[in-house]
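Next comes final-v8.tsv, with TSV, C-alpha atoms and all ligand atoms.
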```tsv
chain	number	residue	atom	x	y	z
P	1	MET	CA	0.05	-83.27	15.16
P	2	HIS	CA	0.37	-80.16	17.29
P	3	SER	CA	3.18	-78.89	15.20
P	4	THR	CA	1.13	-79.41	12.00
P	5	LEU	CA	-1.70	-77.37	13.47
P	6	ARG	CA	0.68	-74.62	14.45
P	7	ALA	CA	2.10	-74.60	10.93
P	8	VAL	CA	-1.38	-74.25	9.43
P	9	ARG	CA	-2.20	-71.45	11.82
P	10	ALA	CA	1.07	-69.72	11.06
P	11	THR	CA	0.38	-69.91	7.32
P	12	ALA	CA	-3.10	-68.51	7.88
P	13	ASN	CA	-1.69	-65.64	9.91
P	14	VAL	CA	0.88	-64.84	7.28
P	15	SER	CA	-1.69	-64.67	4.51
P	16	LEU	CA	-4.01	-62.65	6.75
P	17	ALA	CA	-1.22	-60.19	7.42
P	18	ALA	CA	-0.33	-60.04	3.73
P	19	GLY	CA	-3.96	-59.30	2.93
P	20	LEU	CA	-4.05	-56.56	5.51
P	21	VAL	CA	-0.91	-54.99	4.09
P	22	ALA	CA	-2.43	-55.12	0.60
P	23	VAL	CA	-5.57	-53.36	1.84
P	24	LEU	CA	-3.52	-50.67	3.61
P	25	VAL	CA	-1.36	-50.09	0.55
P	26	ALA	CA	-4.40	-49.87	-1.71
P	27	GLY	CA	-6.03	-47.55	0.83
P	28	SER	CA	-3.11	-45.15	0.96
P	29	ALA	CA	-2.78	-45.10	-2.82
P	30	LEU	CA	-6.43	-44.11	-3.00
P	31	ALA	CA	-6.42	-41.35	-0.43
P	32	GLU	CA	-3.38	-39.44	0.68
P	33	THR	CA	-3.94	-37.24	3.72
P	34	TRP	CA	-1.96	-34.02	4.09
P	35	ASP	CA	-1.80	-32.36	7.48
P	36	MET	CA	-1.53	-28.59	7.07
P	37	PRO	CA	-0.40	-26.49	10.05
P	38	THR	CA	-1.39	-22.81	10.21
P	39	PRO	CA	-0.56	-20.26	12.95
P	40	TYR	CA	-3.71	-18.17	13.32
P	41	PRO	CA	-7.13	-18.87	14.90
P	42	GLU	CA	-9.82	-20.76	13.03
P	43	GLY	CA	-12.12	-17.72	12.79
P	44	ASN	CA	-9.44	-15.53	11.19
P	45	PHE	CA	-10.03	-14.71	7.50
P	46	HIS	CA	-6.67	-16.22	6.46
P	47	THR	CA	-7.60	-19.51	8.11
P	48	GLN	CA	-11.08	-19.44	6.61
P	49	ASN	CA	-9.53	-18.85	3.19
P	50	ILE	CA	-7.22	-21.82	3.73
P	51	ILE	CA	-10.07	-24.04	4.89
P	52	GLN	CA	-11.87	-23.14	1.65
P	53	PHE	CA	-8.67	-23.94	-0.29
P	54	ALA	CA	-8.53	-27.37	1.38
P	55	GLU	CA	-12.20	-28.00	0.62
P	56	ASP	CA	-11.66	-27.04	-3.02
P	57	VAL	CA	-8.69	-29.41	-3.32
P	58	ASN	CA	-10.49	-32.23	-1.52
P	59	ALA	CA	-13.58	-31.92	-3.72
P	60	ALA	CA	-11.64	-31.68	-7.00
P	61	ALA	CA	-9.29	-34.53	-6.03
P	62	GLY	CA	-12.27	-36.89	-5.79
P	63	GLY	CA	-10.86	-38.69	-2.76
P	64	ASP	CA	-7.29	-39.03	-4.05
P	65	LEU	CA	-5.94	-36.29	-1.78
P	66	GLU	CA	-7.26	-34.86	1.44
P	67	ILE	CA	-5.86	-31.74	3.11
P	68	VAL	CA	-6.62	-31.43	6.82
P	69	VAL	CA	-6.08	-27.92	8.25
P	70	HIS	CA	-4.72	-27.57	11.81
P	71	PRO	CA	-5.13	-23.88	12.83
P	72	ALA	CA	-3.73	-21.79	15.69
P	73	GLY	CA	-0.42	-23.63	15.96
P	74	SER	CA	-2.26	-26.73	17.18
P	75	LEU	CA	-0.15	-29.18	15.13
P	76	ILE	CA	3.06	-27.16	14.78
P	77	LYS	CA	3.83	-23.81	16.40
P	78	HIS	CA	4.30	-20.80	14.13
P	79	PRO	CA	8.10	-20.50	14.55
P	80	GLU	CA	8.54	-24.14	13.41
P	81	ILE	CA	6.10	-24.28	10.47
P	82	LYS	CA	8.57	-23.14	7.80
P	83	ASN	CA	11.17	-25.76	8.72
P	84	ALA	CA	8.48	-28.44	9.01
P	85	VAL	CA	7.50	-27.85	5.37
P	86	ARG	CA	11.11	-27.51	4.29
P	87	SER	CA	12.06	-30.89	5.77
P	88	GLY	CA	8.90	-32.59	4.54
P	89	GLN	CA	7.61	-33.28	8.05
P	90	VAL	CA	4.42	-31.77	6.64
P	91	PRO	CA	3.81	-31.25	2.91
P	92	VAL	CA	2.14	-27.85	3.18
P	93	GLY	CA	1.76	-25.02	5.71
P	94	GLU	CA	1.20	-21.31	6.27
P	95	PHE	CA	3.34	-18.66	7.98
P	96	LEU	CA	3.99	-14.91	8.07
P	97	LEU	CA	6.53	-14.30	5.30
P	98	SER	CA	8.38	-11.49	7.14
P	99	ARG	CA	9.17	-13.89	10.01
P	100	LEU	CA	12.02	-14.99	7.72
P	101	SER	CA	13.56	-11.51	7.41
P	102	ASN	CA	16.46	-12.55	9.63
P	103	GLU	CA	17.40	-15.13	6.96
P	104	ASN	CA	17.18	-12.60	4.16
P	105	PRO	CA	15.85	-9.00	4.27
P	106	VAL	CA	13.94	-9.64	1.01
P	107	PHE	CA	11.40	-11.64	3.04
P	108	GLY	CA	10.72	-8.52	5.12
P	109	VAL	CA	10.13	-5.96	2.38
P	110	ASP	CA	6.38	-5.98	3.04
P	111	SER	CA	6.99	-4.85	6.65
P	112	VAL	CA	9.04	-1.73	5.98
P	113	PRO	CA	6.76	0.97	7.45
P	114	PHE	CA	4.99	3.10	4.82
P	115	LEU	CA	6.84	1.57	1.85
P	116	ALA	CA	3.57	0.01	0.66
P	117	ASN	CA	0.63	0.91	2.87
P	118	SER	CA	-2.42	0.48	0.63
P	119	TYR	CA	-3.79	-2.60	-1.15
P	120	GLU	CA	-2.78	-1.16	-4.52
P	121	ALA	CA	0.77	-0.53	-3.34
P	122	ALA	CA	0.95	-3.92	-1.62
P	123	GLU	CA	-0.09	-5.61	-4.86
P	124	LYS	CA	2.60	-3.75	-6.78
P	125	LEU	CA	5.23	-4.58	-4.16
P	126	TRP	CA	4.27	-8.26	-4.27
P	127	ALA	CA	4.52	-8.23	-8.07
P	128	ALA	CA	7.98	-6.67	-7.73
P	129	SER	CA	9.21	-9.08	-5.04
P	130	ARG	CA	7.50	-12.37	-5.87
P	131	ASP	CA	10.16	-13.80	-8.21
P	132	VAL	CA	13.04	-13.13	-5.81
P	133	THR	CA	11.02	-14.49	-2.90
P	134	GLU	CA	10.12	-17.62	-4.89
P	135	ALA	CA	13.76	-18.17	-5.84
P	136	LEU	CA	14.91	-17.87	-2.22
P	137	LEU	CA	12.28	-20.33	-1.02
P	138	ALA	CA	13.06	-22.73	-3.89
P	139	ARG	CA	16.56	-23.07	-2.39
P	140	GLN	CA	14.80	-24.41	0.70
P	141	ASN	CA	12.76	-26.91	-1.33
P	142	MET	CA	9.53	-24.90	-1.13
P	143	THR	CA	7.13	-23.28	-3.59
P	144	ILE	CA	4.64	-20.55	-2.71
P	145	LEU	CA	1.07	-21.63	-3.43
P	146	PHE	CA	-0.46	-18.30	-2.51
P	147	ALA	CA	0.23	-15.09	-0.58
P	148	VAL	CA	-2.43	-12.96	1.12
P	149	PRO	CA	-1.96	-9.64	2.95
P	150	TRP	CA	-3.22	-8.68	6.38
P	151	PRO	CA	-5.19	-5.43	6.61
P	152	PRO	CA	-3.08	-2.29	7.25
P	153	GLN	CA	-1.35	-2.26	10.62
P	154	GLY	CA	-2.46	0.09	13.42
P	155	ILE	CA	-1.44	0.81	17.01
P	156	TYR	CA	-3.36	-0.49	20.02
P	157	ALA	CA	-2.87	0.83	23.54
P	158	ASP	CA	-4.59	1.11	26.88
P	159	GLY	CA	-4.89	4.89	26.89
P	160	GLU	CA	-4.19	7.70	24.50
P	161	ILE	CA	-1.10	7.76	22.25
P	162	ALA	CA	-0.82	11.39	21.17
P	163	SER	CA	2.79	11.14	19.98
P	164	LEU	CA	5.74	8.74	20.07
P	165	ASP	CA	6.50	10.03	23.58
P	166	ASP	CA	3.46	8.12	24.83
P	167	MET	CA	4.94	4.88	23.49
P	168	SER	CA	8.16	5.36	25.39
P	169	GLY	CA	8.69	2.60	27.96
P	170	LEU	CA	5.57	0.64	26.99
P	171	LYS	CA	5.89	-3.15	26.90
P	172	PHE	CA	5.20	-3.63	23.22
P	173	ARG	CA	4.03	-6.92	21.70
P	174	THR	CA	5.86	-7.75	18.44
P	175	TYR	CA	5.50	-10.46	15.77
P	176	ASN	CA	8.59	-10.05	13.54
P	177	ALA	CA	11.93	-8.24	13.33
P	178	ALA	CA	10.34	-5.08	11.86
P	179	THR	CA	7.84	-4.65	14.70
P	180	GLU	CA	10.68	-5.23	17.15
P	181	ARG	CA	12.77	-2.51	15.47
P	182	LEU	CA	9.81	-0.12	15.37
P	183	ALA	CA	9.26	-0.62	19.09
P	184	GLN	CA	12.94	0.04	19.81
P	185	LEU	CA	12.98	3.22	17.72
P	186	ALA	CA	9.86	4.42	19.54
P	187	GLY	CA	11.56	3.85	22.88
P	188	ALA	CA	9.21	0.98	23.76
P	189	VAL	CA	10.23	-2.44	25.09
P	190	PRO	CA	9.63	-5.19	22.50
P	191	THR	CA	8.38	-8.68	23.40
P	192	GLN	CA	7.68	-11.25	20.69
P	193	VAL	CA	4.36	-13.08	21.30
P	194	GLU	CA	2.45	-15.33	18.89
P	195	VAL	CA	-1.26	-14.60	18.36
P	196	PRO	CA	-2.55	-17.65	20.28
P	197	ASP	CA	-0.69	-16.32	23.37
P	198	VAL	CA	-1.43	-12.61	23.01
P	199	SER	CA	-4.60	-12.44	25.15
P	200	GLN	CA	-2.78	-14.13	27.99
P	201	ALA	CA	0.20	-11.76	27.59
P	202	PHE	CA	-2.09	-8.72	27.92
P	203	ALA	CA	-4.06	-10.26	30.77
P	204	THR	CA	-0.91	-10.85	32.80
P	205	GLY	CA	0.67	-7.49	31.95
P	206	ARG	CA	3.57	-9.00	30.02
P	207	VAL	CA	2.67	-6.59	27.19
P	208	GLU	CA	0.60	-3.38	27.13
P	209	ALA	CA	0.52	-2.15	23.50
P	210	MET	CA	0.97	-3.54	19.99
P	211	ILE	CA	0.79	-2.86	16.27
P	212	THR	CA	-1.33	-5.27	14.23
P	213	SER	CA	-4.43	-5.45	12.05
P	214	PRO	CA	-8.06	-4.85	13.03
P	215	SER	CA	-8.49	-8.60	12.32
P	216	THR	CA	-6.05	-9.72	14.97
P	217	GLY	CA	-7.39	-7.09	17.36
P	218	VAL	CA	-10.87	-8.58	16.99
P	219	ASN	CA	-9.59	-12.18	17.13
P	220	ILE	CA	-7.98	-11.54	20.53
P	221	LYS	CA	-10.87	-9.37	21.79
P	222	ALA	CA	-8.59	-6.37	22.24
P	223	TRP	CA	-11.37	-4.50	24.11
P	224	ASP	CA	-10.82	-6.80	27.10
P	225	PHE	CA	-7.44	-5.13	27.71
P	226	LEU	CA	-7.11	-2.05	25.52
P	227	SER	CA	-8.95	1.21	24.96
P	228	HIS	CA	-7.49	2.87	21.83
P	229	TYR	CA	-6.82	1.90	18.22
P	230	TYR	CA	-4.93	4.24	15.87
P	231	ASP	CA	-5.46	3.52	12.20
P	232	THR	CA	-1.88	4.30	11.18
P	233	GLN	CA	-1.97	2.18	7.98
P	234	ALA	CA	1.72	1.45	8.33
P	235	TRP	CA	2.15	-1.65	6.09
P	236	LEU	CA	0.33	-4.82	4.96
P	237	PRO	CA	2.37	-7.91	5.89
P	238	LYS	CA	1.63	-11.12	4.00
P	239	ASN	CA	1.04	-14.72	4.97
P	240	VAL	CA	2.28	-17.33	2.53
P	241	THR	CA	1.07	-20.86	2.04
P	242	VAL	CA	3.99	-22.99	0.88
P	243	ILE	CA	4.33	-26.54	-0.37
P	244	ASN	CA	7.30	-28.92	-0.13
P	245	VAL	CA	8.63	-29.41	-3.67
P	246	ASP	CA	9.12	-33.19	-3.28
P	247	ALA	CA	5.57	-33.63	-1.98
P	248	PHE	CA	4.24	-31.61	-4.88
P	249	GLU	CA	6.25	-33.51	-7.48
P	250	ALA	CA	5.12	-36.85	-6.06
P	251	LEU	CA	1.53	-35.94	-7.01
P	252	SER	CA	0.09	-37.04	-10.35
P	253	PRO	CA	-0.05	-34.27	-12.98
P	254	GLU	CA	-3.82	-34.16	-12.48
P	255	LEU	CA	-3.50	-33.59	-8.73
P	256	GLN	CA	-0.76	-31.01	-9.23
P	257	ASP	CA	-3.21	-29.17	-11.41
P	258	VAL	CA	-5.95	-29.44	-8.79
P	259	VAL	CA	-3.65	-27.93	-6.14
P	260	MET	CA	-2.41	-25.09	-8.37
P	261	THR	CA	-5.91	-24.18	-9.55
P	262	ALA	CA	-7.25	-24.04	-5.99
P	263	ALA	CA	-4.17	-22.02	-4.95
P	264	ALA	CA	-4.67	-19.36	-7.63
P	265	GLU	CA	-8.29	-19.05	-6.58
P	266	ALA	CA	-7.25	-18.78	-2.89
P	267	GLU	CA	-4.86	-15.92	-3.67
P	268	ARG	CA	-7.56	-14.00	-5.54
P	269	ARG	CA	-10.19	-14.69	-2.85
P	270	GLY	CA	-7.77	-13.89	-0.01
P	271	TRP	CA	-6.88	-10.41	-1.27
P	272	GLU	CA	-10.54	-9.62	-1.69
P	273	ALA	CA	-11.41	-10.95	1.77
P	274	SER	CA	-8.61	-8.87	3.28
P	275	ARG	CA	-10.01	-5.66	1.78
P	276	THR	CA	-13.52	-6.42	3.07
P	277	GLU	CA	-12.07	-7.40	6.43
P	278	THR	CA	-10.41	-4.01	6.98
P	279	ALA	CA	-13.62	-2.01	7.21
P	280	GLU	CA	-15.62	-4.75	8.94
P	281	LYS	CA	-13.14	-5.42	11.69
P	282	THR	CA	-12.32	-1.75	12.28
P	283	GLN	CA	-16.07	-1.26	12.82
P	284	ALA	CA	-16.15	-4.26	15.17
P	285	LEU	CA	-13.41	-2.71	17.31
P	286	SER	CA	-15.48	0.44	17.61
P	287	ASP	CA	-18.70	-1.50	18.28
P	288	ASN	CA	-16.97	-3.23	21.18
P	289	GLY	CA	-15.92	0.02	22.80
P	290	ILE	CA	-12.45	0.69	21.46
P	291	ALA	CA	-11.83	4.36	20.58
P	292	VAL	CA	-10.89	4.17	16.90
P	293	ALA	CA	-9.09	7.22	15.50
P	294	ALA	CA	-6.64	8.42	12.89
P	295	PRO	CA	-3.20	9.14	14.38
P	296	SER	CA	-2.53	12.72	15.42
P	297	ASP	CA	-0.18	14.71	13.17
P	298	ALA	CA	2.54	14.34	15.79
P	299	LEU	CA	2.16	10.54	16.00
P	300	ALA	CA	1.95	10.21	12.22
P	301	ALA	CA	5.10	12.33	11.78
P	302	GLY	CA	6.98	10.32	14.41
P	303	LEU	CA	6.05	7.03	12.76
P	304	ARG	CA	7.00	8.37	9.32
P	305	GLU	CA	10.43	9.21	10.66
P	306	ILE	CA	10.82	5.70	12.04
P	307	GLY	CA	9.71	4.43	8.62
P	308	THR	CA	12.42	6.45	6.88
P	309	THR	CA	15.09	5.08	9.22
P	310	MET	CA	13.86	1.52	8.74
P	311	ALA	CA	13.68	1.90	4.94
P	312	GLU	CA	17.31	3.03	4.91
P	313	GLU	CA	18.36	0.16	7.15
P	314	TRP	CA	16.47	-2.28	4.95
P	315	ALA	CA	17.98	-0.98	1.69
P	316	GLU	CA	21.45	-1.28	3.14
P	317	ARG	CA	20.95	-4.85	4.35
P	318	ALA	CA	19.09	-5.99	1.23
P	319	GLY	CA	21.86	-4.79	-1.12
P	320	ASP	CA	21.53	-5.46	-4.86
P	321	GLU	CA	18.57	-7.81	-4.47
P	322	GLY	CA	16.74	-5.09	-2.53
P	323	ALA	CA	17.64	-2.43	-5.06
P	324	THR	CA	16.21	-4.57	-7.86
P	325	ILE	CA	12.94	-4.95	-5.97
P	326	LEU	CA	12.66	-1.24	-5.21
P	327	GLN	CA	13.45	-0.38	-8.80
P	328	SER	CA	10.78	-2.66	-10.20
P	329	TYR	CA	8.35	-1.42	-7.50
P	330	GLY	CA	9.02	2.07	-8.82
P	331	ASN	CA	10.26	3.58	-5.60
P	401	LIG	N1	-1.71	-10.16	12.53
P	401	LIG	C1	-0.57	-10.99	12.80
P	401	LIG	C2	0.48	-10.55	11.84
P	401	LIG	C3	0.01	-9.27	11.26
P	401	LIG	C4	-1.41	-9.16	11.69
P	401	LIG	O1	-2.19	-8.31	11.32
P	401	LIG	C5	-0.08	-10.84	14.20
P	401	LIG	O2	-0.50	-9.91	14.90
P	401	LIG	O3	0.77	-11.62	14.62
```
Here is a file; write its structure as structure tokens.
Amino acid sequence: MHSTLRAVRATANVSLAAGLVAVLVAGSALAETWDMPTPYPEGNFHTQNIIQFAEDVNAAAGGDLEIVVHPAGSLIKHPEIKNAVRSGQVPVGEFLLSRLSNENPVFGVDSVPFLANSYEAAEKLWAASRDVTEALLARQNMTILFAVPWPPQGIYADGEIASLDDMSGLKFRTYNAATERLAQLAGAVPTQVEVPDVSQAFATGRVEAMITSPSTGVNIKAWDFLSHYYDTQAWLPKNVTVINVDAFEALSPELQDVVMTAAAEAERRGWEASRTETAEKTQALSDNGIAVAAPSDALAAGLREIGTTMAEEWAERAGDEGATILQSYGN
């Protein structure tokens, strides 16, 4: 009798478990959740643009797909985001495109100083380099959903920088190979630090100057550590949001359409937000006590010379692919 009871119970448990599995399967077919790592703080305009992209997708997908944004390297740290998307660990993510310039110089064309240092020029350079960039990323199983530039890059320091001589020996915070090279050529000492760690690096004296946008300067409250900002307008590096090709192809045609439509809108909105951001955040630096100025002629000339050297180095490394880009850019 005991054994009969056990058998009945066992049968009940099996059917209960089967029911549960059915519910879970049905649930996951209804709503797929995509975790999306991004490197920069939640308040940054890139992150806000991405949050809007996720909201657009989620609304248009009617519950069939939900993108959850994880900013500031909270899910995956910046240096690992590209490989996480490539391997499919996450279906979608954002990173600074020129971080990949060590893999192929083409990825770093937007960070060659003074090659494209206005929004108009940056747009033209992106038009000239997008196809090659797409093809290179396709080899790593990724497609670009959208690319958005940072505002023009300027120099921050604690004190006056009247010429390159004043940069000599400074511990200089960098974020890619180009900023590292620029620091070296200026006689500074480069240290790579990701944005979420930059405040701490200044607070502890690990770094004492940097080149970045007014946006990042405001995000890290540069006025807590630094006194001067020079609006050198050196280049406009881009962030890309990429998707894993397998994850994209596993979506229904309708959902693929939803993602691509929201992506096109995010690229348009992002460029516009970046332009607005430049003036707003430069003003915010000034409002918070940073001395905002154009570079002196001597500093501008010194940086131009570094730019010429770096453009030559880039062209040499980038070979035929680079030449094609420069030709179509019209340089
Ligand atoms: N902010 C990022 C990249 C370029 C920018 O403006 C950073 O400082 O890391």
Which residues are close to P:Thr191, i.e. within 9 Å by only C-alpha atoms, leaving aside same-chain residues fewer than 4 positions away? Reply as a list in words.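 In the requested format, the answer is Lys171, Phe172, Arg173, Thr174, Tyr175, Glu180, Arg206 and Val207 of chain P.
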Can you work out which one of P:Gln192, P:Gln48, P:Asn102, P:Asn58 has the shortest atom-to-atom distance to P:Val258, counting only C-alpha atoms?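 Closest residue, counting only C-alpha atoms: P:Asn58.
Atom pair atom CA of P:Ile50 / atom CA of P:Asp246 has a distance of 21.1 Å (rounded to one decimal).
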At a cut-off of 12 Å, using only C-alpha atoms, what residues contact P:Phe225? Leave out same-chain residues fewer than 5 positions from it and give the result as a JSON list (two decimals) with C-alpha atoms, keeping the file's coordinate frame.
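That gives us around-v1.json:
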```
[["chain", "number", "residue", "atom", "x", "y", "z"],
["P", 156, "TYR", "CA", -3.36, -0.49, 20.02],
["P", 157, "ALA", "CA", -2.87, 0.83, 23.54],
["P", 158, "ASP", "CA", -4.59, 1.11, 26.88],
["P", 159, "GLY", "CA", -4.89, 4.89, 26.89],
["P", 198, "VAL", "CA", -1.43, -12.61, 23.01],
["P", 199, "SER", "CA", -4.60, -12.44, 25.15],
["P", 200, "GLN", "CA", -2.78, -14.13, 27.99],
["P", 201, "ALA", "CA", 0.20, -11.76, 27.59],
["P", 202, "PHE", "CA", -2.09, -8.72, 27.92],
["P", 203, "ALA", "CA", -4.06, -10.26, 30.77],
["P", 204, "THR", "CA", -0.91, -10.85, 32.80],
["P", 205, "GLY", "CA", 0.67, -7.49, 31.95],
["P", 206, "ARG", "CA", 3.57, -9.00, 30.02],
["P", 207, "VAL", "CA", 2.67, -6.59, 27.19],
["P", 208, "GLU", "CA", 0.60, -3.38, 27.13],
["P", 209, "ALA", "CA", 0.52, -2.15, 23.50],
["P", 210, "MET", "CA", 0.97, -3.54, 19.99],
["P", 217, "GLY", "CA", -7.39, -7.09, 17.36],
["P", 218, "VAL", "CA", -10.87, -8.58, 16.99],
["P", 220, "ILE", "CA", -7.98, -11.54, 20.53],
["P", 288, "ASN", "CA", -16.97, -3.23, 21.18],
["P", 289, "GLY", "CA", -15.92, 0.02, 22.80],
["P", 290, "ILE", "CA", -12.45, 0.69, 21.46]]
```
Can you pull out every residue within 7 Å of stretch 125-134 of chain P, counting all atoms listed in the file, but drop anything in the same chain fewer than 6 positions away, and send it as a list in words?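 Using all atoms listed in the file, the neighbours found are Val106, Phe107, Ala116, Thr143, Ile144, Ile325, Ser328 and Tyr329 of chain P.
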Residues within 9 Å of ligand LIG 401 (chain P), counting all atoms listed in the file: report them as a ChimeraX atom specification. /P:39-40,96,149-154,173-176,193-196,198,210-217,236-239
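Minimum atom-to-atom distance to P:Val109, evaluated using all atoms listed in the file, belongs to P:Ala178 out of P:Thr241, P:Gly270, P:Ser168, P:Ala178.
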Report the distance between atom CA of P:Ala318 and atom CA of P:Ala84 in Å, rounded to one decimal place.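 Between these atoms lies a distance of 26.0 Å.
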What's the separation between atom CA of P:Glu94 and atom CA of P:Glu32, in Å to one decimal place? 19.5 Å
Find the spatial neighbours of P:Asn331, counting all atoms listed in the file, within a cut-off of 12 Å - ignore same-chain residues fewer than 5 positions away - and output them as a ChimeraX atom specification. /P:114-116,121,124-125,128,311,315,322-326
Name all residues at most 12 Å from stretch 252-254 of chain P (count only C-alpha atoms; drop same-chain ones fewer than 2 positions away) and give them as a VMD selection string. chain P and resid 29 32 57 60 to 62 64 to 65 247 to 250 256 to 261
Point out the residue among P:Val292, P:Leu251, P:Arg275, P:Leu185 with the least atom-to-atom distance to P:Leu226, counting all atoms listed in the file.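 Among the listed residues, the smallest separation from P:Leu226 belongs to P:Val292.
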Nearest candidate to P:Met36 (options P:Val242, P:Ala234, P:Tyr119, P:Ser101; using all atoms listed in the file):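 For P:Met36, the nearest of the given residues is P:Val242.
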Got a sec to check which residues sit within 12 Å of (-11.6, -9.1, -1.6), counting only C-alpha atoms, and write them as a short mmCIF file (atom, residue, chain, number, x, y, z; two decimals) with C-alpha atoms, in the frame of the given file?
```cif
data_model
loop_
_atom_site.label_atom_id
_atom_site.label_comp_id
_atom_site.auth_asym_id
_atom_site.auth_seq_id
_atom_site.Cartn_x
_atom_site.Cartn_y
_atom_site.Cartn_z
CA PHE P 45 -10.03 -14.71 7.50
CA HIS P 46 -6.67 -16.22 6.46
CA ASN P 49 -9.53 -18.85 3.19
CA TYR P 119 -3.79 -2.60 -1.15
CA VAL P 148 -2.43 -12.96 1.12
CA PRO P 149 -1.96 -9.64 2.95
CA TRP P 150 -3.22 -8.68 6.38
CA PRO P 151 -5.19 -5.43 6.61
CA GLU P 265 -8.29 -19.05 -6.58
CA ALA P 266 -7.25 -18.78 -2.89
CA GLU P 267 -4.86 -15.92 -3.67
CA ARG P 268 -7.56 -14.00 -5.54
CA ARG P 269 -10.19 -14.69 -2.85
CA GLY P 270 -7.77 -13.89 -0.01
CA TRP P 271 -6.88 -10.41 -1.27
CA GLU P 272 -10.54 -9.62 -1.69
CA ALA P 273 -11.41 -10.95 1.77
CA SER P 274 -8.61 -8.87 3.28
CA ARG P 275 -10.01 -5.66 1.78
CA THR P 276 -13.52 -6.42 3.07
CA GLU P 277 -12.07 -7.40 6.43
CA THR P 278 -10.41 -4.01 6.98
CA ALA P 279 -13.62 -2.01 7.21
#
```
Between P:Gly330, P:Pro79, P:Pro295, P:Gly302, single out the one closest to P:Glu160, counting only C-alpha atoms.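 Among the listed residues, P:Pro295 lies closest to P:Glu160.
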